[in-house]
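Structure data (mmCIF, C-alpha atoms) from work_11.cif:
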data_protein
loop_
_atom_site.label_atom_id
_atom_site.label_comp_id
_atom_site.auth_asym_id
_atom_site.auth_seq_id
_atom_site.Cartn_x
_atom_site.Cartn_y
_atom_site.Cartn_z
CA MET A 84 112.14 123.00 109.86
CA ASN A 85 114.00 119.97 108.54
CA TYR A 86 113.19 116.38 109.44
CA THR A 87 114.61 112.95 108.79
CA LEU A 88 111.90 110.58 107.61
CA THR A 89 111.96 106.80 107.90
CA ILE A 90 109.15 104.63 106.55
CA ALA A 91 108.80 101.64 108.87
CA SER A 92 105.96 99.98 106.95
CA ALA A 93 103.24 100.63 104.39
CA THR A 94 100.35 98.22 104.04
CA THR A 95 97.19 98.02 101.96
CA VAL A 96 94.05 97.17 103.92
CA ASN A 97 90.46 96.42 102.94
CA GLU A 98 88.81 97.32 106.21
CA ILE A 99 89.41 98.97 109.57
CA PRO A 100 87.60 96.65 112.02
CA ALA A 101 87.93 99.06 114.96
CA TYR A 102 85.89 101.71 113.11
CA TRP A 103 82.53 100.08 113.86
CA THR A 104 81.69 100.12 117.56
CA THR A 105 79.45 97.76 119.49
CA GLN A 106 76.86 100.53 119.66
CA ASP A 107 77.05 100.99 115.88
CA TYR A 108 76.32 97.30 115.36
CA ILE A 109 73.40 97.32 117.78
CA GLN A 110 71.80 100.42 116.25
CA LEU A 111 72.30 99.17 112.70
CA LEU A 112 70.83 95.77 113.57
CA GLU A 113 67.75 97.55 114.88
CA LYS A 114 67.48 99.50 111.62
CA PHE A 115 67.69 96.19 109.73
CA ASN A 116 64.81 94.82 111.84
CA PHE A 117 66.91 92.40 113.88
CA PRO A 118 65.18 91.87 117.26
CA ASP A 119 66.94 92.06 120.63
CA ALA A 120 70.29 93.10 119.20
CA GLY A 121 71.27 94.55 122.55
CA THR A 122 71.17 91.13 124.21
CA ALA A 123 73.52 89.47 121.70
CA SER A 124 77.15 88.76 122.53
CA PRO A 125 79.35 91.61 121.22
CA ASP A 126 81.57 89.08 119.42
CA THR A 127 78.64 87.92 117.29
CA LEU A 128 77.38 91.35 116.28
CA PRO A 129 79.43 91.75 113.04
CA GLU A 130 78.23 88.37 111.74
CA LEU A 131 74.64 89.06 112.77
CA LEU A 132 74.71 92.42 110.98
CA ALA A 133 76.14 90.86 107.82
CA MET A 134 73.25 88.36 107.78
CA ALA A 135 70.65 91.04 108.51
CA ILE A 136 71.99 93.28 105.75
CA THR A 137 71.58 90.59 103.10
CA ASP A 138 67.84 90.33 103.79
CA PHE A 139 67.61 93.63 101.89
CA GLU A 140 68.45 94.56 98.33
CA PRO A 141 71.99 95.93 98.05
CA ASN A 142 70.94 99.50 97.28
CA GLU A 143 68.35 99.43 100.09
CA ALA A 144 70.96 98.23 102.56
CA ALA A 145 73.35 100.94 101.38
CA ALA A 146 70.70 103.64 101.88
CA ILE A 147 70.04 102.48 105.45
CA ILE A 148 73.71 102.60 106.43
CA LEU A 149 74.30 105.88 104.61
CA ASP A 150 71.35 107.42 106.46
CA TYR A 151 72.71 106.13 109.78
CA LYS A 152 76.19 107.57 109.27
CA LEU A 153 75.70 110.57 107.01
CA SER A 154 72.15 111.91 107.41
CA GLU A 155 73.57 115.13 108.89
CA HIS A 156 75.66 115.72 105.76
CA LEU A 157 73.52 114.37 102.91
CA THR A 158 69.94 114.94 101.81
CA GLU A 159 67.54 112.06 101.30
CA GLY A 160 67.93 112.46 97.55
CA GLN A 161 71.72 112.36 97.77
CA ILE A 162 71.56 109.22 99.91
CA GLN A 163 69.32 107.49 97.37
CA GLN A 164 71.62 108.50 94.51
CA ILE A 165 74.78 107.35 96.29
CA SER A 166 73.18 104.07 97.37
CA ASN A 167 72.69 103.21 93.69
CA ASP A 168 76.01 104.62 92.49
CA MET A 169 77.93 102.60 95.09
CA LEU A 170 77.11 99.39 93.25
CA LEU A 171 78.91 100.65 90.15
CA ASP A 172 81.66 103.02 91.28
CA LYS A 173 84.06 103.58 94.15
CA ILE A 174 82.14 106.50 95.60
CA SER A 175 84.54 106.69 98.53
CA GLU A 176 87.17 107.82 96.01
CA GLU A 177 85.02 109.84 93.64
CA TYR A 178 82.61 111.82 95.82
CA PRO A 179 83.32 115.57 95.47
CA ASP A 180 83.35 116.23 99.23
CA ILE A 181 86.59 114.54 100.31
CA THR A 182 85.78 115.05 103.98
CA LEU A 183 83.23 112.23 103.55
CA HIS A 184 85.63 109.80 101.86
CA ALA A 185 86.65 108.00 105.05
CA ARG A 186 83.08 107.32 106.17
CA LEU A 187 82.06 106.31 102.66
CA PHE A 188 84.99 103.87 102.61
CA HIS A 189 83.92 102.22 105.86
CA ILE A 190 80.32 101.97 104.65
CA ASN A 191 81.38 100.60 101.27
CA GLN A 192 83.60 97.92 102.80
CA LEU A 193 80.90 96.81 105.23
CA LEU A 194 78.58 96.32 102.25
CA TYR A 195 81.30 94.75 100.11
CA LYS A 196 81.94 92.11 102.74
CA ALA A 197 78.25 91.42 103.50
CA PHE A 198 77.30 91.05 99.84
CA ASN A 199 80.37 89.03 98.83
CA GLY A 200 81.76 91.51 96.35
CA LYS A 201 78.62 93.02 94.80
CA PHE A 202 80.05 96.41 95.74
CA PRO A 203 83.44 97.56 94.37
CA ASN A 204 86.37 96.81 96.66
CA ALA A 205 87.98 100.01 97.89
CA LYS A 206 91.35 99.99 99.64
CA ALA A 207 93.15 102.04 102.25
CA THR A 208 96.83 102.57 103.01
CA CYS A 209 98.34 102.48 106.49
CA ILE A 210 101.82 104.01 106.85
CA ASP A 211 104.00 103.79 109.94
CA PHE A 212 106.81 106.32 109.89
CA THR A 213 109.08 108.41 112.05
CA ALA A 214 109.67 112.12 111.48
CA THR A 215 112.62 113.21 113.57
CA PRO A 216 113.43 116.95 113.77
CA GLN A 217 117.03 117.61 112.86
CA GLU A 218 117.13 120.18 115.65
CA ALA A 219 117.27 117.85 118.62
CA GLN A 220 115.54 120.17 121.10
CA VAL A 221 112.48 120.78 118.94
CA GLU A 222 109.22 119.04 119.82
CA VAL A 223 106.45 119.37 117.23
CA VAL A 224 103.27 117.31 116.94
CA LEU A 225 102.50 117.01 113.25
CA THR A 226 99.23 118.10 111.72
CA LYS A 227 97.73 116.13 108.84
CA ALA A 228 98.97 118.76 106.40
CA GLY A 229 102.42 118.64 107.97
CA ALA A 230 102.60 114.86 107.65
CA LEU A 231 101.77 114.99 103.94
CA GLN A 232 104.26 117.77 103.33
CA LEU A 233 107.01 115.78 105.06
CA LEU A 234 106.20 112.68 103.00
CA HIS A 235 106.39 114.77 99.82
CA GLN A 236 110.01 113.97 98.98
CA GLY A 237 109.46 110.24 99.42
CA LEU A 238 106.55 110.02 96.99
CA SER A 239 106.55 109.25 93.29
CA ASP A 240 105.94 112.20 90.97
CA SER A 241 102.86 110.33 89.73
CA ASN A 242 101.24 110.42 93.18
CA LEU A 243 97.79 111.98 92.97
CA ILE A 244 98.24 114.32 95.94
CA LYS A 245 101.45 115.75 94.48
CA ARG A 246 99.79 116.26 91.10
CA LEU A 247 96.57 117.87 92.38
CA PHE A 248 98.01 119.90 95.26
CA PRO A 249 101.60 120.87 94.31
CA ASP A 250 101.60 124.22 96.12
CA GLN A 251 99.96 122.78 99.22
CA MET A 252 102.44 119.91 99.36
CA ALA A 253 105.29 122.39 98.94
CA GLY A 254 103.95 124.30 101.94
CA THR A 255 103.54 127.61 100.12
CA VAL A 256 99.77 127.80 100.63
CA SER A 257 97.42 126.44 103.27
CA PHE A 258 96.29 122.84 102.91
CA PRO A 259 92.76 122.38 104.36
CA GLU A 260 92.17 119.44 101.99
CA ALA A 261 94.62 117.41 104.09
CA GLU A 262 91.91 117.00 106.73
CA GLY A 263 89.89 114.90 104.27
CA ILE A 264 92.82 113.21 102.54
CA VAL A 265 94.34 111.92 105.78
CA TRP A 266 91.70 109.92 107.63
CA GLU A 267 93.70 109.34 110.78
CA LEU A 268 97.08 110.53 112.06
CA GLU A 269 98.11 109.01 115.35
CA SER A 270 101.19 110.06 117.28
CA LYS A 271 102.90 107.02 118.80
CA GLY A 272 105.51 109.00 120.73
CA ASN A 273 109.23 109.35 120.08
CA HIS A 274 108.48 111.02 116.71
CA ALA A 275 106.61 107.92 115.42
CA TYR A 276 103.28 108.20 113.62
CA THR A 277 100.65 106.05 111.96
CA LEU A 278 98.83 107.60 108.99
CA LEU A 279 95.69 106.17 107.40
CA THR A 280 94.41 107.31 104.02
CA SER A 281 92.78 106.00 100.88
CA ALA A 282 94.93 103.98 98.48
CA TYR A 283 93.36 106.25 95.86
CA TRP A 284 95.28 109.19 97.32
CA LEU A 285 98.42 107.38 98.40
CA SER A 286 99.22 103.75 97.68
CA LYS A 287 102.19 101.90 99.11
CA GLU A 288 103.61 101.83 95.57
CA ASP A 289 103.72 105.64 95.67
CA LEU A 290 106.40 105.46 98.36
CA VAL A 291 109.67 105.37 96.44
CA ALA A 292 112.07 105.97 99.33
CA GLN A 293 112.38 104.49 102.80
CA ASN A 294 114.75 107.10 104.24
CA PHE A 295 114.73 110.73 103.14
CA GLU A 296 114.60 114.30 104.36
CA GLY A 297 111.61 116.60 104.44
CA SER A 298 110.72 120.07 105.63
CA TYR A 299 107.64 121.49 107.25
CA GLU A 300 106.95 125.03 108.39
CA PRO A 301 103.48 125.74 109.79
CA LEU A 302 101.99 128.71 107.98
CA ALA A 303 101.63 131.75 110.19
CA GLN A 304 98.06 132.50 111.20
CA PRO A 305 96.79 135.87 109.92
CA GLN A 306 96.58 138.49 112.64
CA GLU A 307 93.17 139.83 113.54
CA ALA A 308 92.55 143.51 112.89
CA VAL A 309 92.71 145.64 116.03
#
Transcribe the structure of this file into structure tokens.
Amino acid sequence: MNYTLTIASATTVNEIPAYWTTQDYIQLLEKFNFPDAGTASPDTLPELLAMAITDFEPNEAAAIILDYKLSEHLTEGQIQQISNDMLLDKISEEYPDITLHARLFHINQLLYKAFNGKFPNAKATCIDFTATPQEAQVEVVLTKAGALQLLHQGLSDSNLIKRLFPDQMAGTVSFPEAEGIVWELESKGNHAYTLLTSAYWLSKEDLVAQNFEGSYEPLAQPQEAV
């Protein structure tokens, strides 16, 4: 199916403030030994957490937040290793399991801000675009894989996704990795979307066209044996 793509905007961001909820702040403050966090004004919670975090060594603070967010996915040993590695490398870009990249980014940036740059500064890319089917009567809600495949023709040949996943981006094989590469894909209605990913995977400089055509055909699901 053919689409007309228009890139409305592409921005580089250092944090996604809406990611951390009031409940996250309260629970993390409790883990950092801040008393009566639940009685504090919600507006003050980010600043209170930043102060509480800096009462700990950077790697200790990282381990606490990693345990809070990722204890179901990582062992205690992995958490300790990552908490030390985060001070040296952009783990949110380098960790082998890309499904954890988004959460590692949010954790890294919380620590980066609290410790005034002691942690590497990772970046994300937010793209607003429209993908209009050229068959006017067709209504399709894009998947994450579909969004990347449609953006394919508007990306530089040096883009990391195109280089690592050429067949997936071409739509000839399934693309499960897209679920980790694309952190969020929000439909805004009227064929408009907002896509959030790591600048490691797709930077705004990778977008070399504002208006272009793309194609996307969902792969047929294999039939179950009768």
Counting all atoms listed in the file, the residue of A:Leu233, A:Ala120, A:Ile148, A:Cys209 that sits nearest Ile99 (chain A): A:Cys209
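Pairwise distance (CA of Thr122 (chain A), CA of Asp138 (chain A)) equals 20.7 Å.
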task: Expand the PyMOL selection byres ((chain A and resi 277) around 9) into the individual residues it matches in the shown file, reporting them as a ChimeraX atom specification.
output: /A:209-213,267-271,275-276,278-279
Limited to C-alpha atoms, could you put the picked residues into a file as a PDB file, keeping the file's coordinate frame?
ATOM      1  CA  CYS A 209      98.340 102.480 106.490  1.00  0.00           C
ATOM      2  CA  ILE A 210     101.820 104.010 106.850  1.00  0.00           C
ATOM      3  CA  ASP A 211     104.000 103.790 109.940  1.00  0.00           C
ATOM      4  CA  PHE A 212     106.810 106.320 109.890  1.00  0.00           C
ATOM      5  CA  THR A 213     109.080 108.410 112.050  1.00  0.00           C
ATOM      6  CA  GLU A 267      93.700 109.340 110.780  1.00  0.00           C
ATOM      7  CA  LEU A 268      97.080 110.530 112.060  1.00  0.00           C
ATOM      8  CA  GLU A 269      98.110 109.010 115.350  1.00  0.00           C
ATOM      9  CA  SER A 270     101.190 110.060 117.280  1.00  0.00           C
ATOM     10  CA  LYS A 271     102.900 107.020 118.800  1.00  0.00           C
ATOM     11  CA  ALA A 275     106.610 107.920 115.420  1.00  0.00           C
ATOM     12  CA  TYR A 276     103.280 108.200 113.620  1.00  0.00           C
ATOM     13  CA  LEU A 278      98.830 107.600 108.990  1.00  0.00           C
ATOM     14  CA  LEU A 279      95.690 106.170 107.400  1.00  0.00           C
TER      15      LEU A 279
END
CA of Asp107 (chain A) to CA of Lys206 (chain A), straight-line distance in Å: 21.7 Å
field: Protein, DNA and RNA residues within 12 Å of (69.7, 91.8, 99.8), only C-alpha atoms, as a PyMOL selection string
entry: chain A and resi 115+133-145+194-195+197-199+201
query: Smallest atom-to-atom distance to Ala228 (chain A): which of A:Gly160, A:Gly272, A:Pro301, A:Gly200, using all atoms listed in the file?
result: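 Looking at the shortest contact to Ala228 (chain A), the residue is A:Pro301.
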- request: One decimal, Å: what's the distance from CA of Ala214 (chain A) over to CA of Trp103 (chain A), could you say?
  value: 29.8 Å
message: Residues within 6 Å of Glu296 (chain A), please, as a PyMOL selection string. Count all atoms listed in the file; anything in the same chain fewer than 5 positions from it doesn't count.
response: chain A and resi 86-88
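Between Gly263 (chain A) and the residues A:Ser286, A:Ser124, A:Ser175, A:Thr215, the shortest atom-to-atom distance, using all atoms listed in the file, involves A:Ser175.
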- prompt: Written as a PyMOL selection string, which residues does the PyMOL selection byres ((chain A and resi 176-186) around 12) give for the file shown?
  reply: chain A and resi 98-99+102-103+148-157+161+164-165+168-169+171-175+187-193+203-208+243+259-267+279-285
Local residues around (113.3, 122.5, 109.8), at most 7 Å away, using only C-alpha atoms, as a list in words: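 With a cut-off of 7 Å, the residues come to Met84, Asn85, Tyr86, Pro216, Gln217, Ser298, Tyr299 and Glu300 of chain A.
Nearest to Ile244 (chain A) of all the residues A:Gln232, A:Thr95, A:Thr89, A:Thr158 is A:Gln232, counting all atoms listed in the file.
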Please report as CSV every residue of region 146-259 of chain A lying within 8 Å of region 287-291 of chain A, along with the nearest atom pair and their distance in Å (one decimal), using only C-alpha atoms.
residue,atom,partner,partner_atom,distance
A:Thr208,CA,A:Lys287,CA,6.7
A:Gly237,CA,A:Val291,CA,5.7
A:Leu238,CA,A:Leu290,CA,4.8
A:Ser239,CA,A:Asp289,CA,5.2
A:Ser241,CA,A:Asp289,CA,7.6
A:Asn242,CA,A:Asp289,CA,5.9
